[in-house]
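So this one's structure_14.tsv, TSV, C-alpha atoms:
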chain	number	residue	atom	x	y	z
A	50	MET	CA	86.94	28.22	92.37
A	51	GLY	CA	85.41	28.72	88.94
A	52	ILE	CA	84.58	31.91	87.10
A	53	PHE	CA	80.87	32.57	87.17
A	54	THR	CA	78.52	35.45	86.51
A	55	ASP	CA	75.06	36.08	87.97
A	56	PHE	CA	72.66	33.30	89.09
A	57	ILE	CA	75.48	31.05	90.35
A	58	ASN	CA	76.51	30.75	94.00
A	59	GLY	CA	73.77	32.86	95.56
A	60	HIS	CA	72.88	35.03	92.57
A	61	LYS	CA	76.12	36.98	92.47
A	62	GLY	CA	74.92	39.31	89.75
A	63	THR	CA	72.02	40.60	91.83
A	64	LYS	CA	74.27	40.92	94.87
A	65	GLY	CA	76.68	42.95	92.74
A	66	GLU	CA	73.88	45.29	91.71
A	67	THR	CA	72.88	45.72	95.36
A	68	LYS	CA	76.43	46.70	96.32
A	69	ILE	CA	76.52	49.24	93.51
A	70	GLU	CA	73.17	50.69	94.59
A	71	VAL	CA	74.44	51.07	98.16
A	72	LYS	CA	77.54	52.87	96.86
A	73	LEU	CA	75.40	55.28	94.87
A	74	ASP	CA	73.07	55.93	97.81
A	75	ASN	CA	76.06	56.68	100.05
A	76	LEU	CA	77.23	59.40	97.66
A	77	ASP	CA	74.30	61.51	98.87
A	78	PHE	CA	76.09	62.01	102.18
A	79	PHE	CA	78.94	63.73	100.34
A	80	GLY	CA	76.80	66.12	98.32
A	81	TYR	CA	76.59	64.07	95.12
A	82	HIS	CA	72.84	63.84	94.59
A	83	GLY	CA	71.23	61.48	92.12
A	84	LYS	CA	68.34	59.08	91.61
A	85	CYS	CA	69.12	55.36	91.25
A	86	LEU	CA	66.88	52.81	89.50
A	87	ARG	CA	67.49	49.08	89.03
A	88	ASN	CA	66.45	46.47	86.48
A	89	LEU	CA	64.78	48.55	83.81
A	90	TYR	CA	63.01	46.80	80.93
A	91	VAL	CA	63.35	49.41	78.18
A	92	PRO	CA	61.09	49.03	75.13
A	93	ARG	CA	62.69	49.04	71.67
A	94	TYR	CA	61.33	50.37	68.38
A	95	ASP	CA	60.75	46.79	67.15
A	96	GLY	CA	58.59	45.83	70.12
A	97	SER	CA	61.33	44.00	72.03
A	98	THR	CA	62.91	45.13	75.30
A	99	THR	CA	66.41	45.37	76.74
A	100	GLU	CA	67.20	45.05	80.45
A	101	ILE	CA	69.52	47.59	82.10
A	102	ASP	CA	71.09	46.75	85.46
A	103	LEU	CA	71.13	50.26	86.93
A	104	VAL	CA	70.76	53.90	85.92
A	105	TYR	CA	71.92	56.81	88.07
A	106	ILE	CA	70.26	60.10	87.12
A	107	THR	CA	72.27	63.17	88.17
A	108	PRO	CA	72.77	66.85	87.28
A	109	LYS	CA	75.87	65.78	85.31
A	110	GLY	CA	73.99	63.28	83.14
A	111	VAL	CA	72.61	59.75	83.24
A	112	PHE	CA	75.03	56.99	84.27
A	113	ILE	CA	74.15	53.69	82.58
A	114	ILE	CA	75.68	50.93	84.67
A	115	GLU	CA	76.39	47.34	83.69
A	116	SER	CA	77.31	45.09	86.63
A	117	LYS	CA	79.73	42.20	86.08
A	118	ASN	CA	80.63	39.72	88.82
A	119	TYR	CA	83.58	37.69	87.64
A	120	ILE	CA	86.45	36.25	89.65
A	121	GLY	CA	89.93	36.59	88.15
A	122	TYR	CA	91.98	38.84	85.88
A	123	ILE	CA	90.04	40.83	83.28
A	124	PHE	CA	91.41	41.65	79.81
A	125	GLY	CA	89.66	43.54	77.04
A	126	ASN	CA	89.20	46.64	74.92
A	127	ASP	CA	86.22	48.56	73.62
A	128	LYS	CA	86.56	47.25	70.05
A	129	ALA	CA	86.85	43.50	70.67
A	130	GLU	CA	83.87	41.20	70.35
A	131	ASN	CA	84.72	39.35	73.57
A	132	TRP	CA	86.70	40.01	76.73
A	133	THR	CA	88.69	37.44	78.72
A	134	CYS	CA	88.71	36.45	82.37
A	135	THR	CA	91.53	34.25	83.63
A	136	LEU	CA	91.98	32.56	87.00
A	137	TYR	CA	94.84	30.55	88.43
A	138	GLY	CA	93.48	27.05	88.95
A	139	GLY	CA	96.34	25.37	90.84
A	140	LYS	CA	98.86	23.01	89.24
A	141	THR	CA	98.66	20.01	86.99
A	142	TRP	CA	99.89	16.62	88.21
A	143	TYR	CA	103.25	17.31	86.54
A	144	GLY	CA	103.73	20.71	88.22
A	145	THR	CA	102.81	23.33	85.62
A	146	LYS	CA	100.32	26.12	86.33
A	147	LYS	CA	96.70	25.49	85.42
A	148	ILE	CA	94.99	28.59	84.03
A	149	ASP	CA	91.21	28.78	83.72
A	150	LYS	CA	90.49	31.14	80.80
A	151	ARG	CA	86.96	32.15	79.88
A	152	HIS	CA	85.50	34.60	77.35
A	153	PHE	CA	82.43	36.81	77.67
A	154	TYR	CA	80.67	39.32	75.43
A	155	ASN	CA	82.21	42.80	75.38
A	156	PRO	CA	80.35	44.73	78.14
A	157	VAL	CA	81.12	48.06	76.43
A	158	LYS	CA	79.13	46.93	73.38
A	159	GLN	CA	76.45	45.52	75.65
A	160	ASN	CA	76.08	48.85	77.44
A	161	TYR	CA	76.07	50.74	74.13
A	162	ALA	CA	72.98	48.75	73.16
A	163	HIS	CA	71.42	49.79	76.46
A	164	LEU	CA	72.22	53.45	75.76
A	165	LYS	CA	70.71	53.19	72.29
A	166	ALA	CA	67.48	51.75	73.70
A	167	LEU	CA	67.32	54.40	76.40
A	168	THR	CA	67.85	57.15	73.82
A	169	GLU	CA	65.06	55.74	71.66
A	170	TYR	CA	62.79	55.83	74.68
A	171	LEU	CA	63.76	59.21	76.21
A	172	GLY	CA	65.13	61.13	73.24
A	173	GLU	CA	68.50	62.89	73.23
A	174	LEU	CA	70.41	62.01	76.37
A	175	TYR	CA	73.65	63.16	77.99
A	176	SER	CA	75.10	60.01	79.45
A	177	PHE	CA	78.07	58.05	80.75
A	178	SER	CA	78.66	54.32	80.34
A	179	LEU	CA	80.00	52.53	83.42
A	180	ILE	CA	81.09	48.89	83.49
A	181	VAL	CA	81.48	47.85	87.12
A	182	PHE	CA	83.23	44.59	88.02
A	183	GLY	CA	83.06	42.98	91.44
A	184	ASP	CA	85.94	43.36	93.85
A	185	LYS	CA	87.06	39.74	93.36
A	186	SER	CA	88.18	40.61	89.85
A	187	GLU	CA	91.32	42.55	88.87
A	188	LEU	CA	91.38	44.77	85.79
A	189	LYS	CA	94.72	43.81	84.23
A	190	ASP	CA	94.68	45.13	80.66
A	191	ILE	CA	91.65	47.24	79.77
A	192	THR	CA	91.91	49.64	76.82
A	193	ILE	CA	89.14	52.20	76.27
A	194	THR	CA	89.55	54.62	73.36
A	195	LYS	CA	86.11	56.23	73.25
A	196	PRO	CA	85.07	59.08	75.59
A	197	GLY	CA	82.35	58.68	78.17
A	198	ILE	CA	83.14	55.02	78.92
A	199	TYR	CA	84.54	53.95	82.30
A	200	VAL	CA	85.53	50.53	83.64
A	201	CYS	CA	86.15	50.03	87.36
A	202	ASN	CA	85.62	47.78	90.37
A	203	THR	CA	82.84	48.29	92.90
A	204	LYS	CA	85.33	49.62	95.46
A	205	THR	CA	86.52	52.38	93.11
A	206	LEU	CA	83.07	53.30	91.73
A	207	SER	CA	82.58	56.24	94.10
A	208	LYS	CA	85.92	57.76	93.10
A	209	VAL	CA	85.15	57.40	89.39
A	210	ILE	CA	81.79	59.15	89.79
A	211	LYS	CA	83.29	61.89	91.96
A	212	ASP	CA	86.02	62.52	89.37
A	213	ILE	CA	83.42	62.79	86.61
A	214	TRP	CA	81.23	64.98	88.81
A	215	ASN	CA	84.02	67.42	89.65
A	216	ARG	CA	85.05	68.05	86.05
A	217	GLU	CA	81.70	67.95	84.22
A	218	PRO	CA	79.24	70.87	84.08
A	219	ASP	CA	75.66	70.52	85.26
A	220	ILE	CA	73.41	69.42	82.40
A	221	TYR	CA	70.11	68.64	84.10
A	222	THR	CA	68.09	70.63	86.60
A	223	GLU	CA	66.37	69.01	89.57
A	224	GLU	CA	63.08	69.25	87.69
A	225	GLN	CA	64.58	67.47	84.66
A	226	ILE	CA	66.07	64.77	86.89
A	227	LYS	CA	62.66	64.21	88.46
A	228	ASP	CA	61.04	64.04	85.03
A	229	ILE	CA	63.55	61.47	83.73
A	230	ARG	CA	63.10	59.36	86.85
A	231	ASN	CA	59.32	59.47	86.58
A	232	ARG	CA	59.50	58.31	82.97
A	233	LEU	CA	61.85	55.45	83.82
A	234	VAL	CA	60.53	54.22	87.16
A	235	LYS	CA	57.55	52.52	85.51
A	236	LEU	CA	60.02	50.40	83.51
A	237	THR	CA	61.16	48.77	86.77
A	238	ASN	CA	57.70	47.39	87.54
A	239	VAL	CA	56.84	45.43	84.43
A	240	SER	CA	54.31	42.63	84.45
A	241	SER	CA	55.17	38.94	84.40
A	242	SER	CA	53.83	38.72	80.86
A	243	ALA	CA	56.16	41.54	79.76
A	244	LYS	CA	59.11	39.72	81.30
A	245	ARG	CA	58.12	36.52	79.51
A	246	GLN	CA	57.91	38.43	76.24
A	247	HIS	CA	61.37	39.88	76.90
A	248	ILE	CA	62.72	36.36	77.39
A	249	GLN	CA	60.99	35.13	74.23
A	250	ASN	CA	62.39	37.98	72.13
A	251	ILE	CA	65.89	37.36	73.40
A	252	GLY	CA	65.54	33.68	72.64
A	253	ASN	CA	64.45	34.38	69.07
A	254	ASP	CA	67.32	36.81	68.46
A	255	ASN	CA	69.99	34.54	69.93
A	256	GLN	CA	68.86	31.02	69.16
A	257	LEU	CA	72.12	30.22	67.32
A	258	ASP	CA	74.45	31.51	70.07
A	259	THR	CA	77.10	29.07	71.16
A	260	CYS	CA	78.87	28.68	74.49
A	261	PRO	CA	82.36	30.28	74.37
A	262	TRP	CA	83.65	27.73	76.90
A	263	CYS	CA	82.72	24.42	75.33
A	264	GLY	CA	80.93	25.15	72.05
A	265	GLY	CA	77.55	23.95	73.30
A	266	LYS	CA	74.30	25.79	72.60
A	267	LEU	CA	73.28	28.66	74.87
A	268	VAL	CA	69.82	28.10	76.30
A	269	LEU	CA	67.65	30.93	77.61
A	270	ARG	CA	66.51	30.12	81.14
A	271	GLU	CA	64.45	31.75	83.86
A	272	ALA	CA	64.88	31.47	87.62
A	273	LYS	CA	61.82	29.51	88.72
A	274	GLN	CA	61.90	30.00	92.48
A	275	GLY	CA	63.40	32.00	95.31
A	276	LYS	CA	63.91	35.72	95.72
A	277	TYR	CA	64.98	36.21	92.09
A	278	LYS	CA	62.17	34.30	90.46
A	279	GLY	CA	61.50	35.61	86.95
A	280	LYS	CA	65.06	36.77	86.24
A	281	CYS	CA	66.35	35.49	82.90
A	282	PHE	CA	69.84	34.40	81.86
A	283	TYR	CA	71.70	32.18	79.38
A	284	GLY	CA	73.07	28.83	80.47
A	285	CYS	CA	75.02	26.22	78.54
A	286	SER	CA	73.09	23.20	77.28
A	287	ASN	CA	75.94	21.03	78.58
A	288	TYR	CA	75.25	21.97	82.21
A	289	PRO	CA	76.31	20.66	84.75
A	290	ARG	CA	79.49	19.66	82.89
A	291	CYS	CA	79.79	23.26	81.68
A	292	LYS	CA	78.62	26.04	84.01
A	293	TYR	CA	78.87	29.01	81.66
A	294	ILE	CA	76.38	31.80	82.46
A	295	ARG	CA	75.69	35.02	80.52
A	296	ASN	CA	73.43	37.97	81.28
A	297	THR	CA	70.56	38.80	78.97
Could you write out this file's structure as structure tokens?
Amino acid sequence: MGIFTDFINGHKGTKGETKIEVKLDNLDFFGYHGKCLRNLYVPRYDGSTTEIDLVYITPKGVFIIESKNYIGYIFGNDKAENWTCTLYGGKTWYGTKKIDKRHFYNPVKQNYAHLKALTEYLGELYSFSLIVFGDKSELKDITITKPGIYVCNTKTLSKVIKDIWNREPDIYTEEQIKDIRNRLVKLTNVSSSAKRQHIQNIGNDNQLDTCPWCGGKLVLREAKQGKYKGKCFYGCSNYPRCKYIRNT
């Protein structure tokens, strides 16, 4: 089995976001009340947009959540440019282990860009950055040195949020939570033209990006049919020989 993210094998990325949303909704039954929004297209000062997987607005602050669905062992730290995912791929014909090693952009840096955009849009914000990997990945060597950043699997997400909740003071009132949600909810219902502009802007900013697996050029693509029509992602120009996928 290969290591894929989003838009491969039944749109894993979107399924990962759905599982996270269910986890957050279930927290309500235990007295942890918040408002969850998915797929926000946040405008930037330069006229571009950035897409955030999920935000969870609570009395403790705003949780900015980046969903990652990889299969394998995850290695990385908050300062590196790229993280690594490795997967045992069986044995070679002469008996040695075959290791499938892939690199992907540092999700901590990716989520920091999301926080910056959200702060530009809302103003000063008390927030937490959560990187949530699917349960088919194992976090082997993750080093985080900066406060307010958390990396976990979907199955441990509830515990992470509860731990934060139980040690952090209330920052936002119910009225403030409602106000933040009302300002953000409209960003989840953008027009098709706005999505196309988002894709165009990303393409212009990243036209020289190369595939970390094979060195080919990353091509900005858009799902053309099915339930997730209109969702954008990067694919390798050498597909199907190379099946690298990266979120926008």
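The nearest approach to Gln225 in chain A among the residues A:Asn202, A:Lys109, A:Tyr94, A:Gln159, with only C-alpha atoms taken into account, belongs to A:Lys109.
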Response to the item:
From CA of Lys195 in chain A to CA of Tyr105 in chain A the spacing works out at 20.5 Å
Worksheet entry | Residue contacts of Arg87 in chain A (8 Å, all atoms listed in the file) excluding same-chain residues fewer than 3 positions away, as a PyMOL selection string | chain A and resi 66+101-104+237
Worksheet entry | Pick from A:Val157, A:Asp228, A:Ala166, A:Lys84, whichever lies nearest to Gly197 in chain A using only C-alpha atoms |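 Looking at the shortest contact to Gly197 in chain A, the residue is A:Val157.
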Worksheet item: CA of Pro156 in chain A and CA of Cys281 in chain A are how many Å apart?
Response: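 Going from CA of Pro156 in chain A over to CA of Cys281 in chain A, I get 17.4 Å.
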